[in-house]
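Structure, as structure tokens:
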Amino acid sequence: MELSLLRKTAPYLSHWLGHRSSPPKPLPTYAVFFWSFIAAFCGVSVIQVPFRAHYFVQREVPSVIASYGASAVLIYGAIDSPLAQPRALIGGHFIGALIGVCISKLFQLLPLERYLEVQWLAGSLSVALALVAMQLTKTVHPPAGATALLAAVNQEVIDISWYLLPVVLLSSTLGLAVALLVNNIQRRYPAFWITPTVGPGPLPVAPEPLKGHADDKPLTQPTDV
């Protein structure tokens, strides 16, 4: 269904959504390095721009959630990896942020002194639960584990509380937008949007018939003399 929708989209638009009528030719290594650099630089810059506005500064939102540095390596440098696709990027970070904030809120119900003593446990539990949730939803994105961890142990992220959820959604969307633009100039991204595209497998090959050897002698039944 996903592939059929892309095929119906105008070519000038579907190209920037990762659709190709034929597989793209491999790029020279230096070209891959060049576009990875350009994409990572532009992507991390664009992610930070809105959070420098007065609206976000007033709410003490960090200029960037640190885990997006790791996401940049995947979505701009390892663009064919299942871990770098849009479903994993957006879903993984959102799940990580949601679970991290929930666990942090639960632990904050403890007395302050006790909470500070076991805060490390909140971080460990957040990452573990986020990992399982990503596995269940097929949104595994390694940097999202860091998002869950930051939501439980980093005070700057803890302070923005539930506001972390729209922040990661906006950050993921901006990072994805840059990936769609830059990665599709000479490369192809994403490899898939929701589910991997599986092509038809190779045709079965019939086994070759056994051929006799010139030296082989026919088997004969022993006869009674």
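Ligands are numbered from 1 in the order shown, residues from 1 within each chain, and chains are lettered A, B, ... in the order they appear in the structure tokens.
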
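Using only C-alpha atoms, the protein and nucleic acid residues lying no more than 12 Å from Pro50 in chain A, apart from those fewer than 2 places from it along its own chain, are Val44, Ser45, Val46, Ile47, Gln48, Arg52, Ala53, His54, Tyr55, Phe56, Val57, Val61, Pro62, Ser63, Val64, Val167, Leu170, Ser171 and Leu174 of chain A.
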
Go ahead and write the selection's residues with C-alpha atoms as a compact mmCIF listing (two decimals), in the first residue's frame.
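Listed below is the output, result-v3.txt:
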# COMPACT_ATOMS: atom_id res chain seq x y z
CA VAL A 44 21.48 19.73 13.72
CA SER A 45 21.47 23.46 12.93
CA VAL A 46 17.81 23.44 11.83
CA ILE A 47 16.76 21.44 14.90
CA GLN A 48 18.28 24.10 17.17
CA ARG A 52 16.44 29.73 20.37
CA ALA A 53 13.25 31.76 20.01
CA HIS A 54 11.98 33.75 22.98
CA TYR A 55 8.95 31.46 23.40
CA PHE A 56 11.12 28.43 24.14
CA VAL A 57 13.88 30.31 25.97
CA VAL A 61 13.71 24.52 26.86
CA PRO A 62 17.21 23.31 25.93
CA SER A 63 18.39 24.45 22.50
CA VAL A 64 18.68 20.77 21.54
CA VAL A 167 9.80 19.23 21.84
CA LEU A 170 9.18 19.03 16.62
CA SER A 171 12.86 18.05 16.71
CA LEU A 174 12.71 19.06 11.56

If DSSP is run on the backbone, what residues of range 18-165 of chain A are alpha helix (DSSP H)? A reply as a short mmCIF file (atom, residue, chain, number, x, y, z; two decimals) with N, CA and C atoms, in the first residue's frame would be ideal.
data_model
loop_
_atom_site.label_atom_id
_atom_site.label_comp_id
_atom_site.auth_asym_id
_atom_site.auth_seq_id
_atom_site.Cartn_x
_atom_site.Cartn_y
_atom_site.Cartn_z
N THR A 29 32.70 6.90 -2.51
CA THR A 29 32.82 7.09 -1.05
C THR A 29 32.93 8.55 -0.67
N TYR A 30 33.69 9.33 -1.45
CA TYR A 30 33.88 10.74 -1.10
C TYR A 30 32.56 11.50 -1.18
N ALA A 31 31.67 11.10 -2.11
CA ALA A 31 30.37 11.76 -2.23
C ALA A 31 29.47 11.43 -1.04
N VAL A 32 29.55 10.18 -0.57
CA VAL A 32 28.78 9.79 0.62
C VAL A 32 29.24 10.60 1.83
N PHE A 33 30.56 10.75 1.99
CA PHE A 33 31.10 11.54 3.10
C PHE A 33 30.64 13.00 3.00
N PHE A 34 30.67 13.53 1.78
CA PHE A 34 30.31 14.93 1.56
C PHE A 34 28.85 15.18 1.95
N TRP A 35 27.94 14.35 1.43
CA TRP A 35 26.53 14.56 1.71
C TRP A 35 26.18 14.24 3.16
N SER A 36 26.89 13.32 3.78
CA SER A 36 26.67 13.05 5.21
C SER A 36 27.03 14.28 6.04
N PHE A 37 28.16 14.91 5.68
CA PHE A 37 28.58 16.12 6.39
C PHE A 37 27.58 17.25 6.22
N ILE A 38 27.18 17.50 4.97
CA ILE A 38 26.24 18.58 4.70
C ILE A 38 24.92 18.34 5.43
N ALA A 39 24.41 17.12 5.35
CA ALA A 39 23.13 16.81 5.97
C ALA A 39 23.19 16.93 7.49
N ALA A 40 24.25 16.40 8.10
CA ALA A 40 24.38 16.46 9.56
C ALA A 40 24.51 17.91 10.04
N PHE A 41 25.31 18.69 9.33
CA PHE A 41 25.49 20.10 9.72
C PHE A 41 24.17 20.86 9.62
N CYS A 42 23.48 20.69 8.49
CA CYS A 42 22.22 21.40 8.28
C CYS A 42 21.15 20.89 9.25
N GLY A 43 21.10 19.57 9.43
CA GLY A 43 20.07 18.99 10.27
C GLY A 43 20.15 19.44 11.72
N VAL A 44 21.32 19.34 12.31
CA VAL A 44 21.48 19.73 13.72
C VAL A 44 21.27 21.23 13.88
N SER A 45 21.68 22.01 12.88
CA SER A 45 21.47 23.46 12.93
C SER A 45 19.98 23.79 12.89
N VAL A 46 19.25 23.17 11.96
CA VAL A 46 17.81 23.44 11.83
C VAL A 46 17.05 23.01 13.08
N ILE A 47 17.44 21.90 13.68
CA ILE A 47 16.76 21.44 14.90
C ILE A 47 16.90 22.47 16.02
N GLN A 48 18.04 23.15 16.08
CA GLN A 48 18.28 24.10 17.17
C GLN A 48 17.60 25.45 16.96
N HIS A 54 12.33 33.28 21.64
CA HIS A 54 11.98 33.75 22.98
C HIS A 54 10.94 32.83 23.64
N TYR A 55 10.01 32.32 22.85
CA TYR A 55 8.95 31.46 23.40
C TYR A 55 9.53 30.27 24.13
N PHE A 56 10.52 29.62 23.52
CA PHE A 56 11.12 28.43 24.14
C PHE A 56 12.15 28.80 25.20
N VAL A 57 12.89 29.87 24.98
CA VAL A 57 13.88 30.31 25.97
C VAL A 57 13.18 30.66 27.28
N GLN A 58 12.02 31.32 27.17
CA GLN A 58 11.26 31.70 28.35
C GLN A 58 10.83 30.49 29.16
N SER A 67 20.31 13.73 22.55
CA SER A 67 20.19 12.46 21.83
C SER A 67 20.03 12.65 20.32
N TYR A 68 19.68 13.84 19.89
CA TYR A 68 19.54 14.08 18.44
C TYR A 68 20.89 14.17 17.74
N GLY A 69 21.95 14.32 18.48
CA GLY A 69 23.28 14.21 17.87
C GLY A 69 23.51 12.80 17.36
N ALA A 70 23.08 11.80 18.15
CA ALA A 70 23.20 10.41 17.72
C ALA A 70 22.23 10.11 16.59
N SER A 71 21.03 10.70 16.64
CA SER A 71 20.08 10.49 15.55
C SER A 71 20.64 11.03 14.24
N ALA A 72 21.38 12.13 14.31
CA ALA A 72 21.95 12.71 13.09
C ALA A 72 22.90 11.73 12.42
N VAL A 73 23.66 10.98 13.21
CA VAL A 73 24.58 10.00 12.64
C VAL A 73 23.82 8.95 11.84
N LEU A 74 22.66 8.54 12.37
CA LEU A 74 21.87 7.52 11.69
C LEU A 74 21.15 8.05 10.46
N ILE A 75 20.36 9.11 10.62
CA ILE A 75 19.49 9.55 9.52
C ILE A 75 20.23 10.30 8.43
N TYR A 76 21.48 10.70 8.69
CA TYR A 76 22.26 11.37 7.65
C TYR A 76 23.47 10.56 7.19
N GLY A 77 23.88 9.60 8.00
CA GLY A 77 25.07 8.83 7.65
C GLY A 77 24.82 7.37 7.38
N PRO A 86 11.97 6.84 9.09
CA PRO A 86 11.08 7.80 9.77
C PRO A 86 10.26 7.20 10.92
N ARG A 87 9.76 5.99 10.73
CA ARG A 87 8.97 5.37 11.80
C ARG A 87 9.78 5.22 13.07
N ALA A 88 11.04 4.80 12.93
CA ALA A 88 11.90 4.62 14.10
C ALA A 88 12.29 5.97 14.69
N LEU A 89 12.60 6.94 13.84
CA LEU A 89 13.03 8.25 14.32
C LEU A 89 11.94 8.92 15.15
N ILE A 90 10.76 9.06 14.57
CA ILE A 90 9.68 9.80 15.24
C ILE A 90 9.08 8.97 16.38
N GLY A 91 8.75 7.71 16.08
CA GLY A 91 8.14 6.88 17.11
C GLY A 91 9.08 6.57 18.25
N GLY A 92 10.33 6.29 17.94
CA GLY A 92 11.29 5.94 18.98
C GLY A 92 11.51 7.07 19.97
N HIS A 93 11.75 8.28 19.46
CA HIS A 93 11.99 9.42 20.37
C HIS A 93 10.75 9.74 21.20
N PHE A 94 9.57 9.65 20.57
CA PHE A 94 8.35 9.97 21.32
C PHE A 94 8.12 8.95 22.44
N ILE A 95 8.31 7.68 22.12
CA ILE A 95 8.14 6.64 23.14
C ILE A 95 9.18 6.81 24.25
N GLY A 96 10.43 7.08 23.87
CA GLY A 96 11.47 7.28 24.87
C GLY A 96 11.16 8.45 25.79
N ALA A 97 10.70 9.56 25.21
CA ALA A 97 10.36 10.74 26.00
C ALA A 97 9.17 10.46 26.92
N LEU A 98 8.15 9.80 26.38
CA LEU A 98 6.94 9.52 27.17
C LEU A 98 7.26 8.63 28.36
N ILE A 99 7.98 7.56 28.13
CA ILE A 99 8.30 6.64 29.22
C ILE A 99 9.25 7.30 30.22
N GLY A 100 10.23 8.04 29.73
CA GLY A 100 11.17 8.72 30.62
C GLY A 100 10.48 9.70 31.55
N VAL A 101 9.55 10.48 31.00
CA VAL A 101 8.82 11.46 31.82
C VAL A 101 7.92 10.75 32.83
N CYS A 102 7.24 9.70 32.39
CA CYS A 102 6.35 8.96 33.29
C CYS A 102 7.11 8.36 34.47
N ILE A 103 8.24 7.72 34.18
CA ILE A 103 9.03 7.11 35.25
C ILE A 103 9.58 8.18 36.18
N SER A 104 10.04 9.28 35.60
CA SER A 104 10.57 10.36 36.43
C SER A 104 9.50 10.92 37.36
N LYS A 105 8.29 11.08 36.85
CA LYS A 105 7.20 11.60 37.67
C LYS A 105 6.87 10.64 38.82
N LEU A 106 6.90 9.35 38.54
CA LEU A 106 6.62 8.37 39.59
C LEU A 106 7.67 8.43 40.69
N PHE A 107 8.93 8.51 40.30
CA PHE A 107 10.00 8.55 41.30
C PHE A 107 9.98 9.85 42.09
N LEU A 112 12.23 14.00 48.68
CA LEU A 112 13.32 14.52 47.84
C LEU A 112 14.64 13.81 48.10
N GLU A 113 14.99 13.61 49.36
CA GLU A 113 16.26 12.98 49.67
C GLU A 113 16.31 11.55 49.14
N ARG A 114 15.20 10.83 49.29
CA ARG A 114 15.14 9.46 48.81
C ARG A 114 15.16 9.42 47.28
N TYR A 115 14.45 10.38 46.68
CA TYR A 115 14.41 10.46 45.21
C TYR A 115 15.80 10.65 44.63
N LEU A 116 16.58 11.52 45.23
CA LEU A 116 17.94 11.76 44.73
C LEU A 116 18.82 10.53 44.88
N GLU A 117 18.54 9.73 45.90
CA GLU A 117 19.33 8.51 46.10
C GLU A 117 19.05 7.45 45.04
N VAL A 118 17.82 7.40 44.55
CA VAL A 118 17.44 6.34 43.61
C VAL A 118 17.18 6.88 42.20
N GLN A 119 17.57 8.11 41.95
CA GLN A 119 17.33 8.68 40.62
C GLN A 119 18.02 7.88 39.52
N TRP A 120 19.18 7.33 39.85
CA TRP A 120 19.90 6.51 38.88
C TRP A 120 19.05 5.31 38.45
N LEU A 121 18.25 4.79 39.40
CA LEU A 121 17.40 3.66 39.09
C LEU A 121 16.28 4.06 38.13
N ALA A 122 15.81 5.28 38.27
CA ALA A 122 14.78 5.79 37.34
C ALA A 122 15.32 5.83 35.92
N GLY A 123 16.60 6.22 35.77
CA GLY A 123 17.20 6.25 34.46
C GLY A 123 17.32 4.87 33.85
N SER A 124 17.77 3.91 34.65
CA SER A 124 17.91 2.54 34.16
C SER A 124 16.56 1.95 33.76
N LEU A 125 15.56 2.16 34.59
CA LEU A 125 14.23 1.63 34.31
C LEU A 125 13.63 2.28 33.07
N SER A 126 13.86 3.57 32.89
CA SER A 126 13.33 4.28 31.73
C SER A 126 13.89 3.71 30.43
N VAL A 127 15.19 3.50 30.40
CA VAL A 127 15.82 2.97 29.18
C VAL A 127 15.32 1.56 28.88
N ALA A 128 15.25 0.72 29.91
CA ALA A 128 14.83 -0.67 29.72
C ALA A 128 13.39 -0.75 29.22
N LEU A 129 12.49 0.03 29.83
CA LEU A 129 11.10 0.01 29.39
C LEU A 129 10.94 0.61 28.00
N ALA A 130 11.70 1.66 27.72
CA ALA A 130 11.62 2.28 26.39
C ALA A 130 12.08 1.30 25.31
N LEU A 131 13.12 0.54 25.61
CA LEU A 131 13.62 -0.43 24.64
C LEU A 131 12.55 -1.47 24.31
N VAL A 132 11.91 -2.02 25.34
CA VAL A 132 10.89 -3.04 25.11
C VAL A 132 9.70 -2.44 24.34
N ALA A 133 9.32 -1.21 24.70
CA ALA A 133 8.20 -0.56 24.01
C ALA A 133 8.53 -0.32 22.54
N MET A 134 9.77 0.05 22.25
CA MET A 134 10.17 0.24 20.86
C MET A 134 10.20 -1.07 20.11
N GLN A 135 10.61 -2.14 20.78
CA GLN A 135 10.60 -3.45 20.13
C GLN A 135 9.18 -3.88 19.81
N LEU A 136 8.26 -3.63 20.72
CA LEU A 136 6.86 -4.02 20.51
C LEU A 136 6.23 -3.24 19.36
N THR A 137 6.59 -1.98 19.23
CA THR A 137 5.99 -1.12 18.21
C THR A 137 6.84 -1.03 16.93
N PRO A 142 18.12 3.61 18.47
CA PRO A 142 19.03 3.67 19.63
C PRO A 142 19.13 5.03 20.33
N PRO A 143 19.20 6.16 19.59
CA PRO A 143 19.27 7.44 20.30
C PRO A 143 18.06 7.71 21.19
N ALA A 144 16.92 7.07 20.90
CA ALA A 144 15.74 7.29 21.73
C ALA A 144 15.94 6.73 23.14
N GLY A 145 16.83 5.77 23.29
CA GLY A 145 17.17 5.31 24.63
C GLY A 145 17.80 6.42 25.45
N ALA A 146 18.60 7.24 24.77
CA ALA A 146 19.19 8.40 25.45
C ALA A 146 18.13 9.43 25.81
N THR A 147 17.11 9.57 24.96
CA THR A 147 16.01 10.49 25.27
C THR A 147 15.30 10.06 26.55
N ALA A 148 15.05 8.77 26.68
CA ALA A 148 14.42 8.25 27.90
C ALA A 148 15.31 8.48 29.11
N LEU A 149 16.61 8.27 28.94
CA LEU A 149 17.55 8.44 30.05
C LEU A 149 17.63 9.91 30.48
N LEU A 150 17.69 10.81 29.51
CA LEU A 150 17.77 12.24 29.83
C LEU A 150 16.53 12.72 30.58
N ALA A 151 15.37 12.16 30.21
CA ALA A 151 14.12 12.57 30.86
C ALA A 151 14.07 12.17 32.32
N ALA A 152 14.94 11.23 32.71
CA ALA A 152 14.93 10.74 34.10
C ALA A 152 16.09 11.23 34.93
N VAL A 153 17.22 11.60 34.30
CA VAL A 153 18.41 11.93 35.09
C VAL A 153 18.99 13.30 34.80
N GLN A 155 18.69 17.17 34.80
CA GLN A 155 17.80 18.13 35.45
C GLN A 155 17.21 19.13 34.46
N GLU A 156 17.99 19.55 33.48
CA GLU A 156 17.49 20.51 32.50
C GLU A 156 16.31 19.95 31.72
N VAL A 157 16.37 18.65 31.42
CA VAL A 157 15.27 18.00 30.70
C VAL A 157 14.13 17.68 31.66
N ILE A 158 14.45 17.27 32.88
CA ILE A 158 13.41 16.98 33.87
C ILE A 158 12.55 18.21 34.12
N ASP A 159 13.18 19.38 34.13
CA ASP A 159 12.46 20.62 34.47
C ASP A 159 11.37 20.97 33.45
N ILE A 160 11.54 20.57 32.19
CA ILE A 160 10.51 20.92 31.21
C ILE A 160 9.35 19.93 31.22
N LEU A 164 8.46 18.05 27.20
CA LEU A 164 9.45 17.32 26.41
C LEU A 164 8.80 16.62 25.21
N LEU A 165 7.55 16.21 25.35
CA LEU A 165 6.89 15.47 24.27
C LEU A 165 6.74 16.29 22.99
#
